[in-house]
file input-v3.pdb (PDB, C-alpha atoms)
ATOM      1  CA  MET A   9      33.888 -18.150   6.176  1.00  0.00           C
ATOM      2  CA  PRO A  10      31.530 -15.229   6.879  1.00  0.00           C
ATOM      3  CA  SER A  11      28.005 -15.182   5.553  1.00  0.00           C
ATOM      4  CA  TRP A  12      26.225 -12.415   3.707  1.00  0.00           C
ATOM      5  CA  SER A  13      22.631 -11.666   4.604  1.00  0.00           C
ATOM      6  CA  VAL A  14      19.799  -9.367   3.609  1.00  0.00           C
ATOM      7  CA  GLN A  15      16.597  -8.826   5.584  1.00  0.00           C
ATOM      8  CA  VAL A  16      13.528  -7.978   3.482  1.00  0.00           C
ATOM      9  CA  SER A  17      10.333  -6.315   4.680  1.00  0.00           C
ATOM     10  CA  LEU A  18       7.674  -5.640   2.036  1.00  0.00           C
ATOM     11  CA  GLU A  19       4.477  -3.817   2.858  1.00  0.00           C
ATOM     12  CA  SER A  20       1.506  -4.724   0.687  1.00  0.00           C
ATOM     13  CA  THR A  21      -2.232  -5.122   0.974  1.00  0.00           C
ATOM     14  CA  ASP A  22      -1.612  -8.438  -0.820  1.00  0.00           C
ATOM     15  CA  SER A  23       1.093  -9.697   1.553  1.00  0.00           C
ATOM     16  CA  ILE A  24      -0.755 -12.984   2.205  1.00  0.00           C
ATOM     17  CA  ALA A  25      -0.925 -13.769  -1.520  1.00  0.00           C
ATOM     18  CA  LEU A  26       2.722 -12.764  -2.003  1.00  0.00           C
ATOM     19  CA  GLN A  27       3.757 -15.005   0.877  1.00  0.00           C
ATOM     20  CA  ALA A  28       1.804 -17.897  -0.632  1.00  0.00           C
ATOM     21  CA  SER A  29       3.451 -17.359  -4.011  1.00  0.00           C
ATOM     22  CA  LEU A  30       6.904 -17.724  -2.438  1.00  0.00           C
ATOM     23  CA  SER A  31       6.061 -20.485   0.048  1.00  0.00           C
ATOM     24  CA  THR A  32       8.035 -23.149  -1.818  1.00  0.00           C
ATOM     25  CA  GLU A  33      11.130 -20.935  -2.096  1.00  0.00           C
ATOM     26  CA  ILE A  34      11.559 -19.198   1.276  1.00  0.00           C
ATOM     27  CA  ASN A  35      10.500 -19.205   4.879  1.00  0.00           C
ATOM     28  CA  SER A  36       8.732 -15.968   5.683  1.00  0.00           C
ATOM     29  CA  ASN A  37       6.597 -14.276   8.294  1.00  0.00           C
ATOM     30  CA  LEU A  38       3.658 -11.917   8.125  1.00  0.00           C
ATOM     31  CA  GLU A  39       3.294  -8.955  10.448  1.00  0.00           C
ATOM     32  CA  GLU A  40       0.087  -7.076   9.661  1.00  0.00           C
ATOM     33  CA  GLU A  41       0.539  -6.156   5.973  1.00  0.00           C
ATOM     34  CA  LYS A  42       4.285  -6.841   5.895  1.00  0.00           C
ATOM     35  CA  LEU A  43       5.964  -9.845   4.340  1.00  0.00           C
ATOM     36  CA  ILE A  44       9.285 -10.445   6.083  1.00  0.00           C
ATOM     37  CA  PHE A  45      12.050 -12.834   5.053  1.00  0.00           C
ATOM     38  CA  SER A  46      15.814 -13.057   4.943  1.00  0.00           C
ATOM     39  CA  ILE A  47      18.321 -14.442   2.490  1.00  0.00           C
ATOM     40  CA  THR A  48      21.714 -15.685   3.678  1.00  0.00           C
ATOM     41  CA  GLU A  49      24.517 -16.941   1.468  1.00  0.00           C
ATOM     42  CA  LYS A  50      28.248 -17.505   1.946  1.00  0.00           C
ATOM     43  CA  ASN A  51      29.170 -15.780  -1.289  1.00  0.00           C
ATOM     44  CA  PRO A  52      28.043 -12.217  -2.096  1.00  0.00           C
ATOM     45  CA  ALA A  53      27.496 -13.139  -5.757  1.00  0.00           C
ATOM     46  CA  ASP A  54      25.167 -15.954  -4.661  1.00  0.00           C
ATOM     47  CA  LEU A  55      23.308 -13.557  -2.369  1.00  0.00           C
ATOM     48  CA  ARG A  56      22.840 -11.165  -5.273  1.00  0.00           C
ATOM     49  CA  ALA A  57      21.523 -13.988  -7.472  1.00  0.00           C
ATOM     50  CA  MET A  58      19.092 -15.150  -4.780  1.00  0.00           C
ATOM     51  CA  TRP A  59      17.948 -11.541  -4.206  1.00  0.00           C
ATOM     52  CA  ASN A  60      17.293 -11.096  -7.930  1.00  0.00           C
ATOM     53  CA  THR A  61      15.391 -14.389  -8.112  1.00  0.00           C
ATOM     54  CA  ARG A  62      13.165 -13.550  -5.135  1.00  0.00           C
ATOM     55  CA  MET A  63      12.451 -10.020  -6.358  1.00  0.00           C
ATOM     56  CA  ARG A  64      11.561 -11.276  -9.852  1.00  0.00           C
ATOM     57  CA  GLY A  65       9.222 -13.809  -8.251  1.00  0.00           C
ATOM     58  CA  ILE A  66       7.567 -11.120  -6.152  1.00  0.00           C
ATOM     59  CA  GLU A  67       7.239  -8.815  -9.147  1.00  0.00           C
ATOM     60  CA  ALA A  68       5.674 -11.588 -11.254  1.00  0.00           C
ATOM     61  CA  SER A  69       3.290 -12.530  -8.451  1.00  0.00           C
ATOM     62  CA  GLU A  70       2.262  -8.931  -7.974  1.00  0.00           C
ATOM     63  CA  SER A  71       1.587  -8.591 -11.703  1.00  0.00           C
ATOM     64  CA  VAL A  72      -0.656 -11.677 -11.663  1.00  0.00           C
ATOM     65  CA  ILE A  73      -2.485 -10.443  -8.548  1.00  0.00           C
ATOM     66  CA  ASN A  74      -3.118  -7.079 -10.205  1.00  0.00           C
ATOM     67  CA  LEU A  75      -4.285  -8.791 -13.393  1.00  0.00           C
ATOM     68  CA  LEU A  76      -6.735 -10.898 -11.419  1.00  0.00           C
ATOM     69  CA  LYS A  77      -7.997  -7.774  -9.656  1.00  0.00           C
ATOM     70  CA  GLY A  78      -8.480  -6.068 -13.010  1.00  0.00           C
ATOM     71  CA  HIS A  79      -5.665  -3.518 -12.609  1.00  0.00           C
ATOM     72  CA  ASN A  80      -3.335  -2.689 -15.462  1.00  0.00           C
ATOM     73  CA  SER A  81       0.102  -2.415 -13.853  1.00  0.00           C
TER      74      SER A  81
END
call {"tool": "encode", "arguments": {"input": "input-v3.pdb", "output": "structure tokens"}}
result
Amino acid sequence: MPSWSVQVSLESTDSIALQASLSTEINSNLEEEKLIFSITEKNPADLRAMWNTRMRGIEASESVINLLKGHNS
């Protein structure tokens, strides 16, 4: 059965904090200010669900980081 995969590269000045926030969920790498990870699933619906979960986690982490910095985003 073929696998479905997505490669993600996010550029952020807070990439280290974002990587730390996802450390229990994914394996990732940092390249300068880029957080890089991939998601692979056998079923496209599962890939979509994992994508949504990771993106919600990143969005929540970014909101907390901005709150701690005193930004209103």
call {"tool": "resolve_selection", "arguments": {"input": "input-v3.pdb", "expression": "the PyMOL selection byres ((chain A and resi 30) around 12)", "output": "list in words"}}
result
Ser23, Ile24, Ala25, Leu26, Gln27, Ala28, Ser29, Ser31, Thr32, Glu33, Ile34, Asn35, Ser36, Asn37, Leu43, Ile44, Phe45, Thr61, Arg62, Met63, Arg64, Gly65, Ile66, Glu67, Ala68, Ser69 and Glu70 of chain A
call {"tool": "write_last_selection", "arguments": {"input": "input-v3.pdb", "atoms": "C-alpha atoms", "output": "tab-separated table (two decimals), in the frame of the given file"}}
result
chain	number	residue	atom	x	y	z
A	23	SER	CA	1.09	-9.70	1.55
A	24	ILE	CA	-0.76	-12.98	2.20
A	25	ALA	CA	-0.92	-13.77	-1.52
A	26	LEU	CA	2.72	-12.76	-2.00
A	27	GLN	CA	3.76	-15.00	0.88
A	28	ALA	CA	1.80	-17.90	-0.63
A	29	SER	CA	3.45	-17.36	-4.01
A	31	SER	CA	6.06	-20.48	0.05
A	32	THR	CA	8.04	-23.15	-1.82
A	33	GLU	CA	11.13	-20.94	-2.10
A	34	ILE	CA	11.56	-19.20	1.28
A	35	ASN	CA	10.50	-19.20	4.88
A	36	SER	CA	8.73	-15.97	5.68
A	37	ASN	CA	6.60	-14.28	8.29
A	43	LEU	CA	5.96	-9.85	4.34
A	44	ILE	CA	9.28	-10.44	6.08
A	45	PHE	CA	12.05	-12.83	5.05
A	61	THR	CA	15.39	-14.39	-8.11
A	62	ARG	CA	13.16	-13.55	-5.14
A	63	MET	CA	12.45	-10.02	-6.36
A	64	ARG	CA	11.56	-11.28	-9.85
A	65	GLY	CA	9.22	-13.81	-8.25
A	66	ILE	CA	7.57	-11.12	-6.15
A	67	GLU	CA	7.24	-8.82	-9.15
A	68	ALA	CA	5.67	-11.59	-11.25
A	69	SER	CA	3.29	-12.53	-8.45
A	70	GLU	CA	2.26	-8.93	-7.97
call {"tool": "closest_residue", "arguments": {"input": "input-v3.pdb", "among": "A:Ser20, A:Asn60, A:Asn51, A:Ser71", "to": "A:Leu38", "atoms": "all atoms listed in the file"}}
result
A:Ser20
call {"tool": "closest_residue", "arguments": {"input": "input-v3.pdb", "among": "A:Asp54, A:Trp59, A:Leu18, A:Lys77", "to": "A:Glu39", "atoms": "all atoms listed in the file"}}
result
A:Leu18
call {"tool": "atom_distance", "arguments": {"input": "input-v3.pdb", "atom1": "atom CA of A:Ser13", "atom2": "atom CA of A:Glu40"}}
result
23.6 Å
call {"tool": "atom_distance", "arguments": {"input": "input-v3.pdb", "atom1": "atom CA of A:Ser11", "atom2": "atom CA of A:Ala53"}}
result
11.5 Å
call {"tool": "residues_around", "arguments": {"input": "input-v3.pdb", "residues": "A:Glu49", "least_positions_apart": "5", "cutoff": "10 Å", "atoms": "only C-alpha atoms", "output": "list in words"}}
result
Pro10, Ser11, Trp12, Ser13, Val14, Asp54, Leu55, Arg56, Ala57 and Met58 of chain A
call {"tool": "write_last_selection", "arguments": {"input": "input-v3.pdb", "atoms": "C-alpha atoms", "output": "tab-separated table (two decimals), in the coordinates of the input"}}
result
chain	number	residue	atom	x	y	z
A	10	PRO	CA	31.53	-15.23	6.88
A	11	SER	CA	28.00	-15.18	5.55
A	12	TRP	CA	26.22	-12.42	3.71
A	13	SER	CA	22.63	-11.67	4.60
A	14	VAL	CA	19.80	-9.37	3.61
A	54	ASP	CA	25.17	-15.95	-4.66
A	55	LEU	CA	23.31	-13.56	-2.37
A	56	ARG	CA	22.84	-11.16	-5.27
A	57	ALA	CA	21.52	-13.99	-7.47
A	58	MET	CA	19.09	-15.15	-4.78
call {"tool": "atom_distance", "arguments": {"input": "input-v3.pdb", "atom1": "atom CA of A:Gly78", "atom2": "atom CA of A:Val16"}}
result
27.6 Å
call {"tool": "closest_residue", "arguments": {"input": "input-v3.pdb", "among": "A:Ser46, A:Asp22, A:Pro52, A:Gln15", "to": "A:Val72", "atoms": "only C-alpha atoms"}}
result
A:Asp22
call {"tool": "decode", "arguments": {"input": "input-v3.pdb", "residues": "chain A", "atoms": "C-alpha atoms", "output": "short mmCIF file (atom, residue, chain, number, x, y, z; two decimals), in the first residue's frame"}}
result
data_model
loop_
_atom_site.label_atom_id
_atom_site.label_comp_id
_atom_site.auth_asym_id
_atom_site.auth_seq_id
_atom_site.Cartn_x
_atom_site.Cartn_y
_atom_site.Cartn_z
CA MET A 9 0.00 0.00 0.00
CA PRO A 10 1.45 3.41 -0.92
CA SER A 11 2.07 6.05 1.69
CA TRP A 12 1.06 9.69 1.65
CA SER A 13 3.55 12.27 2.86
CA VAL A 14 3.85 16.00 3.38
CA GLN A 15 7.08 17.88 4.03
CA VAL A 16 6.72 21.02 6.16
CA SER A 17 9.16 23.93 6.38
CA LEU A 18 8.15 26.83 8.63
CA GLU A 19 10.24 29.95 8.90
CA SER A 20 9.98 31.79 12.21
CA THR A 21 12.15 33.80 14.55
CA ASP A 22 10.69 31.50 17.23
CA SER A 23 11.51 28.22 15.47
CA ILE A 24 13.38 26.85 18.51
CA ALA A 25 10.36 27.41 20.77
CA LEU A 26 8.00 25.95 18.16
CA GLN A 27 10.21 22.89 17.83
CA ALA A 28 10.23 22.46 21.60
CA SER A 29 6.45 22.72 21.74
CA LEU A 30 6.11 19.83 19.28
CA SER A 31 8.98 17.70 20.58
CA THR A 32 6.70 15.03 22.05
CA GLU A 33 4.65 14.74 18.85
CA ILE A 34 7.13 14.79 15.94
CA ASN A 35 10.75 14.47 15.00
CA SER A 36 11.95 17.71 13.47
CA ASN A 37 15.06 19.57 12.43
CA LEU A 38 16.11 23.19 12.62
CA GLU A 39 17.94 24.92 9.79
CA GLU A 40 18.66 28.53 10.74
CA GLU A 41 15.16 29.92 11.45
CA LYS A 42 13.30 27.06 9.76
CA LEU A 43 11.47 24.25 11.50
CA ILE A 44 11.37 21.23 9.20
CA PHE A 45 9.38 18.03 9.66
CA SER A 46 7.42 15.51 7.66
CA ILE A 47 4.22 13.59 8.20
CA THR A 48 3.68 10.21 6.54
CA GLU A 49 0.53 8.12 6.72
CA LYS A 50 -0.87 5.21 4.71
CA ASN A 51 -4.31 6.76 4.40
CA PRO A 52 -4.85 10.27 2.98
CA ALA A 53 -7.60 10.95 5.53
CA ASP A 54 -5.17 10.10 8.34
CA LEU A 55 -2.55 12.39 6.79
CA ARG A 56 -5.08 15.21 6.70
CA ALA A 57 -5.98 14.61 10.36
CA MET A 58 -2.32 14.58 11.40
CA TRP A 59 -1.67 17.75 9.36
CA ASN A 60 -4.59 19.51 11.06
CA THR A 61 -3.40 18.40 14.50
CA ARG A 62 0.17 19.60 13.94
CA MET A 63 -0.93 22.94 12.48
CA ARG A 64 -3.33 23.56 15.38
CA GLY A 65 -0.49 22.78 17.78
CA ILE A 66 1.82 25.19 16.00
CA GLU A 67 -0.85 27.89 15.93
CA ALA A 68 -1.55 27.46 19.66
CA SER A 69 2.16 27.53 20.48
CA GLU A 70 2.67 30.65 18.41
CA SER A 71 -0.23 32.34 20.20
CA VAL A 72 1.29 31.53 23.61
CA ILE A 73 4.73 32.73 22.48
CA ASN A 74 3.24 36.02 21.28
CA LEU A 75 1.29 36.40 24.52
CA LEU A 76 4.46 35.89 26.53
CA LYS A 77 6.24 38.47 24.37
CA GLY A 78 3.41 40.93 24.95
CA HIS A 79 2.04 40.86 21.39
CA ASN A 80 -1.67 40.76 20.70
CA SER A 81 -2.05 38.33 17.79
#
